[in-house]
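Chemist: Following this line is work.cif, made up of mmCIF, C-alpha atoms; chains and numbers go by the auth columns:
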```
data_final
loop_
_atom_site.group_PDB
_atom_site.id
_atom_site.type_symbol
_atom_site.label_atom_id
_atom_site.label_comp_id
_atom_site.label_asym_id
_atom_site.label_seq_id
_atom_site.Cartn_x
_atom_site.Cartn_y
_atom_site.Cartn_z
_atom_site.B_iso_or_equiv
_atom_site.auth_seq_id
_atom_site.auth_asym_id
ATOM 1 C CA LYS A 1 74.191 -104.280 -255.707 0.00 1 A
ATOM 2 C CA ASP A 2 77.598 -104.165 -254.025 0.00 2 A
ATOM 3 C CA GLU A 3 77.929 -101.413 -251.442 0.00 3 A
ATOM 4 C CA ASP A 4 81.216 -100.325 -253.010 0.00 4 A
ATOM 5 C CA GLU A 5 80.550 -97.841 -255.812 0.00 5 A
ATOM 6 C CA SER A 6 83.799 -98.849 -257.535 0.00 6 A
ATOM 7 C CA VAL A 7 82.538 -102.402 -257.912 0.00 7 A
ATOM 8 C CA ARG A 8 79.218 -101.175 -259.294 0.00 8 A
ATOM 9 C CA PHE A 9 81.096 -98.876 -261.686 0.00 9 A
ATOM 10 C CA TYR A 10 83.051 -101.781 -263.156 0.00 10 A
ATOM 11 C CA VAL A 11 79.848 -103.759 -263.549 0.00 11 A
ATOM 12 C CA SER A 12 78.173 -100.822 -265.309 0.00 12 A
ATOM 13 C CA ALA A 13 81.226 -100.293 -267.538 0.00 13 A
ATOM 14 C CA ASN A 14 81.269 -103.952 -268.579 0.00 14 A
ATOM 15 C CA LYS A 15 79.696 -104.282 -272.036 0.00 15 A
ATOM 16 C CA TYR A 16 78.641 -107.869 -271.229 0.00 16 A
ATOM 17 C CA THR A 17 76.481 -106.842 -268.267 0.00 17 A
ATOM 18 C CA PRO A 18 72.934 -108.202 -268.822 0.00 18 A
ATOM 19 C CA LEU A 19 70.258 -105.789 -269.992 0.00 19 A
ATOM 20 C CA ASP A 20 68.124 -106.076 -266.854 0.00 20 A
ATOM 21 C CA VAL A 21 71.141 -105.200 -264.716 0.00 21 A
ATOM 22 C CA GLN A 22 71.891 -102.212 -266.950 0.00 22 A
ATOM 23 C CA MET A 23 68.337 -100.995 -266.392 0.00 23 A
ATOM 24 C CA ASP A 24 68.912 -101.114 -262.627 0.00 24 A
ATOM 25 C CA LEU A 25 72.275 -99.369 -262.875 0.00 25 A
ATOM 26 C CA ALA A 26 70.724 -96.515 -264.890 0.00 26 A
ATOM 27 C CA ASN A 27 69.007 -95.577 -261.617 0.00 27 A
ATOM 28 C CA ASP A 28 72.093 -95.940 -259.415 0.00 28 A
ATOM 29 C CA GLU A 29 72.502 -93.163 -256.857 0.00 29 A
ATOM 30 C CA ASN A 30 76.143 -92.632 -257.818 0.00 30 A
ATOM 31 C CA ASP A 31 76.876 -90.521 -260.905 0.00 31 A
ATOM 32 C CA VAL A 32 80.195 -92.301 -261.595 0.00 32 A
ATOM 33 C CA VAL A 33 78.342 -95.611 -261.802 0.00 33 A
ATOM 34 C CA ARG A 34 75.803 -94.093 -264.189 0.00 34 A
ATOM 35 C CA SER A 35 78.613 -92.630 -266.292 0.00 35 A
ATOM 36 C CA GLY A 36 80.164 -96.102 -266.574 0.00 36 A
ATOM 37 C CA LEU A 37 76.916 -97.337 -268.073 0.00 37 A
ATOM 38 C CA ALA A 38 76.673 -94.326 -270.381 0.00 38 A
ATOM 39 C CA GLY A 39 80.104 -95.064 -271.757 0.00 39 A
ATOM 40 C CA SER A 40 79.621 -98.816 -272.222 0.00 40 A
ATOM 41 C CA LEU A 41 76.069 -98.896 -273.620 0.00 41 A
ATOM 42 C CA GLN A 42 75.971 -100.343 -277.132 0.00 42 A
ATOM 43 C CA ILE A 43 73.013 -100.140 -279.494 0.00 43 A
ATOM 44 C CA SER A 44 73.516 -102.444 -282.464 0.00 44 A
ATOM 45 C CA ILE A 45 71.356 -102.520 -285.591 0.00 45 A
ATOM 46 C CA ARG A 46 71.689 -106.308 -285.550 0.00 46 A
ATOM 47 C CA GLU A 47 69.958 -106.680 -282.183 0.00 47 A
ATOM 48 C CA GLU A 48 66.330 -107.631 -281.685 0.00 48 A
ATOM 49 C CA LYS A 49 63.953 -104.688 -281.845 0.00 49 A
ATOM 50 C CA PHE A 50 62.907 -104.903 -278.177 0.00 50 A
ATOM 51 C CA ARG A 51 66.556 -104.834 -277.022 0.00 51 A
ATOM 52 C CA LYS A 52 67.280 -101.779 -279.133 0.00 52 A
ATOM 53 C CA GLU A 53 64.194 -100.042 -277.764 0.00 53 A
ATOM 54 C CA ILE A 54 65.120 -100.774 -274.147 0.00 54 A
ATOM 55 C CA LYS A 55 68.698 -99.599 -274.674 0.00 55 A
ATOM 56 C CA ALA A 56 67.436 -96.448 -276.363 0.00 56 A
ATOM 57 C CA LYS A 57 65.234 -95.772 -273.318 0.00 57 A
ATOM 58 C CA ILE A 58 68.233 -96.254 -271.034 0.00 58 A
ATOM 59 C CA ALA A 59 70.279 -93.852 -273.160 0.00 59 A
ATOM 60 C CA LYS A 60 67.508 -91.233 -273.120 0.00 60 A
ATOM 61 C CA LYS A 61 67.242 -91.508 -269.350 0.00 61 A
ATOM 62 C CA LEU A 62 70.987 -91.009 -268.991 0.00 62 A
ATOM 63 C CA MET A 63 70.836 -88.130 -271.455 0.00 63 A
ATOM 64 C CA GLN A 64 68.511 -86.297 -269.064 0.00 64 A
ATOM 65 C CA ASP A 65 70.855 -86.843 -266.123 0.00 65 A
ATOM 66 C CA ASP A 66 71.518 -83.704 -264.069 0.00 66 A
ATOM 67 C CA ILE A 67 75.190 -84.583 -263.681 0.00 67 A
ATOM 68 C CA PRO A 68 77.233 -83.528 -266.763 0.00 68 A
ATOM 69 C CA VAL A 69 79.782 -86.350 -266.422 0.00 69 A
ATOM 70 C CA VAL A 70 77.050 -88.874 -267.250 0.00 70 A
ATOM 71 C CA ARG A 71 75.989 -87.042 -270.404 0.00 71 A
ATOM 72 C CA LEU A 72 79.656 -86.534 -271.283 0.00 72 A
ATOM 73 C CA ALA A 73 80.188 -90.299 -271.287 0.00 73 A
ATOM 74 C CA LEU A 74 77.298 -90.612 -273.735 0.00 74 A
ATOM 75 C CA ALA A 75 78.789 -87.931 -275.986 0.00 75 A
ATOM 76 C CA ASN A 76 82.040 -89.905 -276.189 0.00 76 A
ATOM 77 C CA ASN A 77 80.310 -93.243 -276.757 0.00 77 A
ATOM 78 C CA ILE A 78 80.740 -94.462 -280.356 0.00 78 A
ATOM 79 C CA PHE A 79 78.139 -97.250 -280.156 0.00 79 A
ATOM 80 C CA LEU A 80 74.870 -95.313 -279.983 0.00 80 A
ATOM 81 C CA ASN A 81 72.281 -94.526 -282.659 0.00 81 A
ATOM 82 C CA SER A 82 71.785 -91.329 -284.649 0.00 82 A
ATOM 83 C CA GLU A 83 68.713 -90.292 -282.642 0.00 83 A
ATOM 84 C CA ILE A 84 70.704 -90.181 -279.394 0.00 84 A
ATOM 85 C CA TYR A 85 73.489 -88.169 -281.006 0.00 85 A
ATOM 86 C CA SER A 86 70.966 -85.738 -282.488 0.00 86 A
ATOM 87 C CA ASP A 87 69.422 -85.146 -279.059 0.00 87 A
ATOM 88 C CA LEU A 88 72.852 -84.740 -277.432 0.00 88 A
ATOM 89 C CA ALA A 89 73.703 -82.041 -279.987 0.00 89 A
ATOM 90 C CA MET A 90 71.194 -79.802 -278.196 0.00 90 A
ATOM 91 C CA ASP A 91 72.717 -80.314 -274.740 0.00 91 A
ATOM 92 C CA PRO A 92 73.046 -77.019 -272.832 0.00 92 A
ATOM 93 C CA ASP A 93 76.588 -77.863 -271.702 0.00 93 A
ATOM 94 C CA PRO A 94 79.206 -76.670 -274.266 0.00 94 A
ATOM 95 C CA VAL A 95 81.752 -79.269 -273.108 0.00 95 A
ATOM 96 C CA ILE A 96 79.347 -82.055 -273.999 0.00 96 A
ATOM 97 C CA ARG A 97 78.647 -80.539 -277.403 0.00 97 A
ATOM 98 C CA LEU A 98 82.400 -80.158 -277.943 0.00 98 A
ATOM 99 C CA ASN A 99 83.052 -83.822 -277.170 0.00 99 A
ATOM 100 C CA LEU A 100 80.178 -84.905 -279.378 0.00 100 A
ATOM 101 C CA SER A 101 81.623 -82.876 -282.267 0.00 101 A
ATOM 102 C CA GLN A 102 84.827 -84.929 -281.868 0.00 102 A
ATOM 103 C CA ASN A 103 82.997 -88.265 -281.784 0.00 103 A
ATOM 104 C CA PRO A 104 83.854 -90.139 -285.029 0.00 104 A
ATOM 105 C CA ARG A 105 80.382 -91.699 -285.055 0.00 105 A
ATOM 106 C CA ALA A 106 78.454 -88.452 -284.611 0.00 106 A
ATOM 107 C CA SER A 107 75.446 -88.527 -286.936 0.00 107 A
ATOM 108 C CA ARG A 108 74.887 -86.160 -289.845 0.00 108 A
ATOM 109 C CA ASN A 109 71.859 -84.591 -288.180 0.00 109 A
ATOM 110 C CA ALA A 110 73.835 -84.024 -284.985 0.00 110 A
ATOM 111 C CA LEU A 111 76.652 -82.392 -286.941 0.00 111 A
ATOM 112 C CA MET A 112 74.180 -80.196 -288.786 0.00 112 A
ATOM 113 C CA THR A 113 72.851 -78.938 -285.451 0.00 113 A
ATOM 114 C CA LEU A 114 76.367 -78.431 -284.084 0.00 114 A
ATOM 115 C CA SER A 115 77.399 -76.480 -287.193 0.00 115 A
ATOM 116 C CA GLY A 116 75.399 -73.573 -285.825 0.00 116 A
ATOM 117 C CA ASP A 117 76.946 -73.764 -282.356 0.00 117 A
ATOM 118 C CA GLU A 118 77.980 -70.506 -280.706 0.00 118 A
ATOM 119 C CA PHE A 119 81.431 -71.896 -279.880 0.00 119 A
ATOM 120 C CA GLU A 120 84.128 -71.761 -282.539 0.00 120 A
ATOM 121 C CA LEU A 121 85.813 -75.015 -281.455 0.00 121 A
ATOM 122 C CA VAL A 122 82.588 -76.953 -281.918 0.00 122 A
ATOM 123 C CA ARG A 123 82.008 -75.526 -285.399 0.00 123 A
ATOM 124 C CA ALA A 124 85.653 -76.199 -286.330 0.00 124 A
ATOM 125 C CA ASN A 125 85.309 -79.847 -285.308 0.00 125 A
ATOM 126 C CA VAL A 126 82.172 -80.141 -287.421 0.00 126 A
ATOM 127 C CA ALA A 127 83.999 -78.504 -290.338 0.00 127 A
ATOM 128 C CA LYS A 128 86.669 -81.217 -290.353 0.00 128 A
ATOM 129 C CA HIS A 129 84.407 -84.169 -289.453 0.00 129 A
ATOM 130 C CA HIS A 130 84.213 -86.898 -292.106 0.00 130 A
ATOM 131 C CA ASN A 131 80.431 -87.277 -291.648 0.00 131 A
ATOM 132 C CA THR A 132 79.618 -83.607 -292.277 0.00 132 A
ATOM 133 C CA MET A 133 77.389 -83.123 -295.321 0.00 133 A
ATOM 134 C CA SER A 134 78.499 -81.030 -298.299 0.00 134 A
ATOM 135 C CA GLU A 135 75.825 -78.372 -297.792 0.00 135 A
ATOM 136 C CA VAL A 136 76.964 -77.916 -294.191 0.00 136 A
ATOM 137 C CA LEU A 137 80.570 -77.550 -295.373 0.00 137 A
ATOM 138 C CA THR A 138 79.436 -74.908 -297.853 0.00 138 A
ATOM 139 C CA ASN A 139 77.779 -72.918 -295.073 0.00 139 A
ATOM 140 C CA LEU A 140 80.782 -73.263 -292.788 0.00 140 A
ATOM 141 C CA SER A 141 83.131 -72.101 -295.562 0.00 141 A
ATOM 142 C CA LYS A 142 81.582 -68.644 -295.031 0.00 142 A
ATOM 143 C CA ASP A 143 82.040 -68.739 -291.249 0.00 143 A
ATOM 144 C CA GLU A 144 83.510 -65.626 -289.645 0.00 144 A
ATOM 145 C CA SER A 145 86.106 -67.800 -287.883 0.00 145 A
ATOM 146 C CA VAL A 146 89.383 -68.397 -289.724 0.00 146 A
ATOM 147 C CA ALA A 147 89.839 -71.700 -287.874 0.00 147 A
ATOM 148 C CA VAL A 148 86.462 -72.960 -289.090 0.00 148 A
ATOM 149 C CA ARG A 149 87.114 -72.031 -292.726 0.00 149 A
ATOM 150 C CA ALA A 150 90.559 -73.649 -292.552 0.00 150 A
ATOM 151 C CA ALA A 151 88.980 -76.802 -291.114 0.00 151 A
ATOM 152 C CA VAL A 152 86.558 -76.934 -294.058 0.00 152 A
ATOM 153 C CA ALA A 153 89.506 -76.695 -296.450 0.00 153 A
ATOM 154 C CA ALA A 154 91.182 -79.609 -294.642 0.00 154 A
ATOM 155 C CA ASN A 155 88.079 -81.842 -294.692 0.00 155 A
ATOM 156 C CA VAL A 156 88.650 -85.107 -296.586 0.00 156 A
ATOM 157 C CA ASN A 157 85.298 -84.732 -298.367 0.00 157 A
ATOM 158 C CA VAL A 158 85.553 -81.087 -299.407 0.00 158 A
ATOM 159 C CA SER A 159 84.822 -80.553 -303.100 0.00 159 A
ATOM 160 C CA ALA A 160 87.183 -79.016 -305.638 0.00 160 A
ATOM 161 C CA ILE A 161 84.596 -76.276 -306.312 0.00 161 A
ATOM 162 C CA LEU A 162 84.495 -75.298 -302.655 0.00 162 A
ATOM 163 C CA LEU A 163 88.293 -75.355 -302.497 0.00 163 A
ATOM 164 C CA GLU A 164 88.380 -72.975 -305.440 0.00 164 A
ATOM 165 C CA LEU A 165 86.217 -70.535 -303.473 0.00 165 A
ATOM 166 C CA LEU A 166 88.313 -70.967 -300.332 0.00 166 A
ATOM 167 C CA GLY A 167 91.400 -70.388 -302.473 0.00 167 A
ATOM 168 C CA GLN A 168 90.266 -66.759 -302.716 0.00 168 A
ATOM 169 C CA ASP A 169 90.220 -66.343 -298.944 0.00 169 A
ATOM 170 C CA LEU A 170 92.203 -63.452 -297.488 0.00 170 A
ATOM 171 C CA GLU A 171 93.592 -65.453 -294.568 0.00 171 A
ATOM 172 C CA THR A 172 96.909 -67.285 -294.956 0.00 172 A
ATOM 173 C CA THR A 173 95.839 -70.121 -292.645 0.00 173 A
ATOM 174 C CA VAL A 174 92.934 -70.987 -294.961 0.00 174 A
ATOM 175 C CA LEU A 175 95.076 -70.748 -298.095 0.00 175 A
ATOM 176 C CA ARG A 176 97.674 -73.087 -296.588 0.00 176 A
ATOM 177 C CA ALA A 177 94.975 -75.691 -295.966 0.00 177 A
ATOM 178 C CA VAL A 178 93.723 -75.331 -299.551 0.00 178 A
ATOM 179 C CA ALA A 179 97.253 -75.724 -300.921 0.00 179 A
ATOM 180 C CA ARG A 180 97.730 -78.969 -298.962 0.00 180 A
ATOM 181 C CA GLN A 181 94.436 -80.514 -300.129 0.00 181 A
ATOM 182 C CA LYS A 182 94.680 -83.400 -302.569 0.00 182 A
ATOM 183 C CA ASN A 183 91.331 -82.316 -304.032 0.00 183 A
ATOM 184 C CA THR A 184 92.593 -78.870 -305.044 0.00 184 A
ATOM 185 C CA ARG A 185 92.583 -78.357 -308.800 0.00 185 A
ATOM 186 C CA LEU A 186 95.551 -77.123 -310.802 0.00 186 A
ATOM 187 C CA VAL A 187 93.836 -73.827 -311.626 0.00 187 A
ATOM 188 C CA THR A 188 93.648 -73.036 -307.915 0.00 188 A
ATOM 189 C CA LEU A 189 97.208 -74.202 -307.265 0.00 189 A
ATOM 190 C CA LYS A 190 98.493 -71.841 -309.948 0.00 190 A
ATOM 191 C CA LYS A 191 96.933 -68.894 -308.138 0.00 191 A
ATOM 192 C CA LEU A 192 98.356 -70.039 -304.816 0.00 192 A
ATOM 193 C CA ALA A 193 101.851 -70.514 -306.249 0.00 193 A
ATOM 194 C CA ILE A 194 102.327 -66.751 -306.559 0.00 194 A
ATOM 195 C CA SER A 195 101.653 -66.222 -302.861 0.00 195 A
ATOM 196 C CA PRO A 196 104.555 -64.661 -300.933 0.00 196 A
ATOM 197 C CA ASP A 197 103.946 -67.148 -298.110 0.00 197 A
ATOM 198 C CA VAL A 198 106.650 -69.840 -298.150 0.00 198 A
ATOM 199 C CA GLU A 199 104.424 -72.481 -296.507 0.00 199 A
ATOM 200 C CA ILE A 200 101.848 -72.076 -299.252 0.00 200 A
ATOM 201 C CA GLN A 201 104.537 -72.413 -301.916 0.00 201 A
ATOM 202 C CA LEU A 202 105.871 -75.550 -300.195 0.00 202 A
ATOM 203 C CA ALA A 203 102.389 -77.050 -300.050 0.00 203 A
ATOM 204 C CA VAL A 204 101.843 -76.356 -303.758 0.00 204 A
ATOM 205 C CA ALA A 205 105.220 -77.918 -304.583 0.00 205 A
ATOM 206 C CA ASN A 206 104.221 -81.047 -302.652 0.00 206 A
ATOM 207 C CA ASN A 207 100.663 -81.232 -303.989 0.00 207 A
ATOM 208 C CA PRO A 208 100.099 -84.281 -306.258 0.00 208 A
ATOM 209 C CA ASN A 209 98.016 -82.161 -308.652 0.00 209 A
ATOM 210 C CA THR A 210 100.831 -79.690 -309.345 0.00 210 A
ATOM 211 C CA SER A 211 101.802 -79.912 -313.002 0.00 211 A
ATOM 212 C CA ARG A 212 105.253 -80.132 -314.614 0.00 212 A
ATOM 213 C CA GLU A 213 104.861 -76.553 -315.793 0.00 213 A
ATOM 214 C CA LEU A 214 104.050 -75.279 -312.312 0.00 214 A
ATOM 215 C CA LEU A 215 106.888 -77.283 -310.750 0.00 215 A
ATOM 216 C CA THR A 216 109.270 -75.696 -313.261 0.00 216 A
ATOM 217 C CA LEU A 217 108.034 -72.272 -312.182 0.00 217 A
ATOM 218 C CA LEU A 218 108.501 -73.111 -308.493 0.00 218 A
ATOM 219 C CA ALA A 219 111.997 -74.452 -309.152 0.00 219 A
ATOM 220 C CA SER A 220 113.172 -71.185 -310.684 0.00 220 A
ATOM 221 C CA GLY A 221 113.232 -67.481 -309.897 0.00 221 A
ATOM 222 C CA LYS A 222 113.793 -65.787 -306.558 0.00 222 A
ATOM 223 C CA ARG A 223 112.253 -68.334 -304.235 0.00 223 A
ATOM 224 C CA GLU A 224 113.229 -69.945 -300.975 0.00 224 A
ATOM 225 C CA LYS A 225 115.718 -72.792 -301.375 0.00 225 A
ATOM 226 C CA SER A 226 113.346 -75.220 -299.633 0.00 226 A
ATOM 227 C CA VAL A 227 110.660 -74.578 -302.267 0.00 227 A
ATOM 228 C CA LYS A 228 113.128 -74.943 -305.130 0.00 228 A
ATOM 229 C CA ASP A 229 114.551 -78.158 -303.689 0.00 229 A
ATOM 230 C CA ILE A 230 111.144 -79.832 -303.440 0.00 230 A
ATOM 231 C CA ALA A 231 110.076 -78.686 -306.908 0.00 231 A
ATOM 232 C CA GLN A 232 113.368 -79.874 -308.433 0.00 232 A
ATOM 233 C CA SER A 233 113.191 -83.242 -306.665 0.00 233 A
ATOM 234 C CA ARG A 234 109.715 -83.807 -308.122 0.00 234 A
ATOM 235 C CA LEU A 235 110.821 -82.627 -311.551 0.00 235 A
ATOM 236 C CA GLU A 236 113.812 -84.975 -311.785 0.00 236 A
ATOM 237 C CA PRO A 237 111.898 -88.226 -312.377 0.00 237 A
ATOM 238 C CA ILE A 238 109.592 -86.433 -314.858 0.00 238 A
ATOM 239 C CA LEU A 239 112.527 -85.080 -316.862 0.00 239 A
ATOM 240 C CA ARG A 240 114.350 -88.417 -316.672 0.00 240 A
ATOM 241 C CA GLN A 241 111.306 -90.186 -318.082 0.00 241 A
ATOM 242 C CA GLU A 242 111.022 -87.648 -320.889 0.00 242 A
#
```
Could the structure of this file be written out as structure tokens, please?
Modeler:
Amino acid sequence: KDEDESVRFYVSANKYTPLDVQMDLANDENDVVRSGLAGSLQISIREEKFRKEIKAKIAKKLMQDDIPVVRLALANNIFLNSEIYSDLAMDPDPVIRLNLSQNPRASRNALMTLSGDEFELVRANVAKHHNTMSEVLTNLSKDESVAVRAAVAANVNVSAILLELLGQDLETTVLRAVARQKNTRLVTLKKLAISPDVEIQLAVANNPNTSRELLTLLASGKREKSVKDIAQSRLEPILRQE
């Protein structure tokens, strides 16, 4: 209740502030104070049901705040539940949706909603997010944006089958991402190895799935010295063992 808004902000931003005080601060007249609460609110699955319900009500109240900075703090908060994230994914402010798409704890449902966002940056963040479902990645692999398709190819959970499809893309940026992926199969790497793009050749030479035969091919012929050097350095221990 301090008259200084800075003091109230630090109270609201303190994760140990009692629940009844948090409820009062959710109605504070100052948006910075409310944003402090939005950023510090934690909803744990281990808490009693009534505490989770009250915190969820506080979060929903803050989510309807007219001041974007309050909702932005919620979007960056990694301690909320999936329902809050799903609702935030429909926020009218693109900056809030962008920040939510970068939140490592964003829920699968929220990411599914954001995958259809009108802004390329949001879709690209969803495409590379570790929580994005395989069916969403499949849809995004057909996105008109090169950046989005490249992000799908770089996703840690992307399947080898999807990488094979992306390996037929016409854009070099996408093909480079496919060539760097540890999930890319040898059959796809062989097709990429004949690309005139040096970065793609380098990525294939460095890929752990590249075979002895393919390394031999990359180490010979009229290729850039950097590609040959990498291929030869990987071949040496193989040949020595043989």
Chemist: Could you pull the residues within 12 Å of Val11 of chain A, counting only C-alpha atoms, minus those fewer than 3 positions along the same chain, as a list in words?
Modeler: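 Counting only C-alpha atoms, the residues come to Lys1, Asp2, Asp4, Glu5, Ser6, Val7, Arg8, Asn14, Lys15, Tyr16, Thr17, Pro18, Leu19, Val21, Gln22, Asp24, Leu25, Ala26, Asp28, Val32, Val33, Arg34, Ser35, Gly36, Leu37, Gly39, Ser40 and Leu41 of chain A.
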Chemist: Can you spell out as a ChimeraX atom specification the set of residues that the PyMOL selection byres ((chain A and resi 44) around 12) selects in the structure I just provided?
Modeler: /A:41-43,45-56,78-82
Chemist: Env of segment 150-163 of chain A: 12 Å cut, atoms = all atoms listed in the file, seq-sep filter 6 positions within chain, self excluded. Answer as a PyMOL selection string.
Modeler: chain A and resi 115+120-144+169-189+192+209
Chemist: What would the file look like if the residues just selected were written as a PDB file, in the frame of the given file with C-alpha atoms?
Modeler:
```
ATOM      1  CA  SER A 115      77.399 -76.480-287.193  1.00  0.00           C
ATOM      2  CA  GLU A 120      84.128 -71.761-282.539  1.00  0.00           C
ATOM      3  CA  LEU A 121      85.813 -75.015-281.455  1.00  0.00           C
ATOM      4  CA  VAL A 122      82.588 -76.953-281.918  1.00  0.00           C
ATOM      5  CA  ARG A 123      82.008 -75.526-285.399  1.00  0.00           C
ATOM      6  CA  ALA A 124      85.653 -76.199-286.330  1.00  0.00           C
ATOM      7  CA  ASN A 125      85.309 -79.847-285.308  1.00  0.00           C
ATOM      8  CA  VAL A 126      82.172 -80.141-287.421  1.00  0.00           C
ATOM      9  CA  ALA A 127      83.999 -78.504-290.338  1.00  0.00           C
ATOM     10  CA  LYS A 128      86.669 -81.217-290.353  1.00  0.00           C
ATOM     11  CA  HIS A 129      84.407 -84.169-289.453  1.00  0.00           C
ATOM     12  CA  HIS A 130      84.213 -86.898-292.106  1.00  0.00           C
ATOM     13  CA  ASN A 131      80.431 -87.277-291.648  1.00  0.00           C
ATOM     14  CA  THR A 132      79.618 -83.607-292.277  1.00  0.00           C
ATOM     15  CA  MET A 133      77.389 -83.123-295.321  1.00  0.00           C
ATOM     16  CA  SER A 134      78.499 -81.030-298.299  1.00  0.00           C
ATOM     17  CA  GLU A 135      75.825 -78.372-297.792  1.00  0.00           C
ATOM     18  CA  VAL A 136      76.964 -77.916-294.191  1.00  0.00           C
ATOM     19  CA  LEU A 137      80.570 -77.550-295.373  1.00  0.00           C
ATOM     20  CA  THR A 138      79.436 -74.908-297.853  1.00  0.00           C
ATOM     21  CA  ASN A 139      77.779 -72.918-295.073  1.00  0.00           C
ATOM     22  CA  LEU A 140      80.782 -73.263-292.788  1.00  0.00           C
ATOM     23  CA  SER A 141      83.131 -72.101-295.562  1.00  0.00           C
ATOM     24  CA  LYS A 142      81.582 -68.644-295.031  1.00  0.00           C
ATOM     25  CA  ASP A 143      82.040 -68.739-291.249  1.00  0.00           C
ATOM     26  CA  GLU A 144      83.510 -65.626-289.645  1.00  0.00           C
ATOM     27  CA  ASP A 169      90.220 -66.343-298.944  1.00  0.00           C
ATOM     28  CA  LEU A 170      92.203 -63.452-297.488  1.00  0.00           C
ATOM     29  CA  GLU A 171      93.592 -65.453-294.568  1.00  0.00           C
ATOM     30  CA  THR A 172      96.909 -67.285-294.956  1.00  0.00           C
ATOM     31  CA  THR A 173      95.839 -70.121-292.645  1.00  0.00           C
ATOM     32  CA  VAL A 174      92.934 -70.987-294.961  1.00  0.00           C
ATOM     33  CA  LEU A 175      95.076 -70.748-298.095  1.00  0.00           C
ATOM     34  CA  ARG A 176      97.674 -73.087-296.588  1.00  0.00           C
ATOM     35  CA  ALA A 177      94.975 -75.691-295.966  1.00  0.00           C
ATOM     36  CA  VAL A 178      93.723 -75.331-299.551  1.00  0.00           C
ATOM     37  CA  ALA A 179      97.253 -75.724-300.921  1.00  0.00           C
ATOM     38  CA  ARG A 180      97.730 -78.969-298.962  1.00  0.00           C
ATOM     39  CA  GLN A 181      94.436 -80.514-300.129  1.00  0.00           C
ATOM     40  CA  LYS A 182      94.680 -83.400-302.569  1.00  0.00           C
ATOM     41  CA  ASN A 183      91.331 -82.316-304.032  1.00  0.00           C
ATOM     42  CA  THR A 184      92.593 -78.870-305.044  1.00  0.00           C
ATOM     43  CA  ARG A 185      92.583 -78.357-308.800  1.00  0.00           C
ATOM     44  CA  LEU A 186      95.551 -77.123-310.802  1.00  0.00           C
ATOM     45  CA  VAL A 187      93.836 -73.827-311.626  1.00  0.00           C
ATOM     46  CA  THR A 188      93.648 -73.036-307.915  1.00  0.00           C
ATOM     47  CA  LEU A 189      97.208 -74.202-307.265  1.00  0.00           C
ATOM     48  CA  LEU A 192      98.356 -70.039-304.816  1.00  0.00           C
ATOM     49  CA  ASN A 209      98.016 -82.161-308.652  1.00  0.00           C
TER      50      ASN A 209
END
```
Chemist: To one decimal in Å, tell me the separation between atom CA of Asp66 of chain A and atom CA of Asp31 of chain A.
Modeler: 9.2 Å
Chemist: Which one of A:Gln232, A:Ser86, A:Ser195, A:Ser226 sits closest to Arg212 of chain A if you count only C-alpha atoms?
Modeler: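 The answer is A:Gln232, which sits nearest to Arg212 of chain A.
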Chemist: Work out how far apart atom CA of Ala106 of chain A and atom CA of Tyr85 of chain A are and give it in Å to one decimal.
Modeler: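 Atom-to-atom, atom CA of Ala106 of chain A to atom CA of Tyr85 of chain A, that is 6.1 Å.
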Chemist: Pick the closest to Asp87 of chain A from A:Gly221, A:Val70, A:Ser101, A:Thr113: which is it, counting only C-alpha atoms?
Modeler: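 Closest residue, counting only C-alpha atoms: A:Thr113.
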Chemist: So that all listed atoms of segment 167-178 of chain A fit with 4 Å spare on each side, what axis-aligned box centre and edge lengths in Å, to one decimal, would you give as lines of an AutoDock Vina configuration file?
Modeler:
```
center_x = 93.9
center_y = -69.6
center_z = -297.7
size_x = 15.5
size_y = 20.2
size_z = 18.1
```
Chemist: Go through A:Arg234, A:Arg71, A:Lys190, A:Lys225 one by one, measure the shortest atom-to-atom distance of each to Asn206 of chain A using all atoms listed in the file, and give the residue with the smallest value.
Modeler: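 Among the listed residues, A:Arg234 lies closest to Asn206 of chain A.
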Chemist: Closest to Val227 of chain A among A:Ala193, A:Ala13, A:Val95, A:Ile58, using all atoms listed in the file?
Modeler: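 Smallest separation from Val227 of chain A among the options: A:Ala193.
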Chemist: Could you check which of A:Asn30, A:Thr210, A:Thr216, A:Gln102 is closest to Ser12 of chain A, using all atoms listed in the file?
Modeler: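 Closest residue, counting all atoms listed in the file: A:Asn30.
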Chemist: Quick one: pull the distance between atom CA of Lys60 of chain A and atom CA of Pro104 of chain A, Å, one decimal.
Modeler: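 Between atom CA of Lys60 of chain A and atom CA of Pro104 of chain A the gap is 20.3 Å.
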Chemist: Please expand the PyMOL selection byres ((chain A and resi 91) around 10) into the concrete residues it hits in this file, giving the result as a PyMOL selection string.
Modeler: chain A and resi 63-64+68+71-72+75+86-90+92-97+100
Chemist: Restricting the calculation to all atoms listed in the file, which member of A:Glu224, A:Asn77, A:Glu213, A:Ile67 is positioned closest to Gln201 of chain A?
Modeler: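 Closest to Gln201 of chain A of all the choices is A:Glu224.
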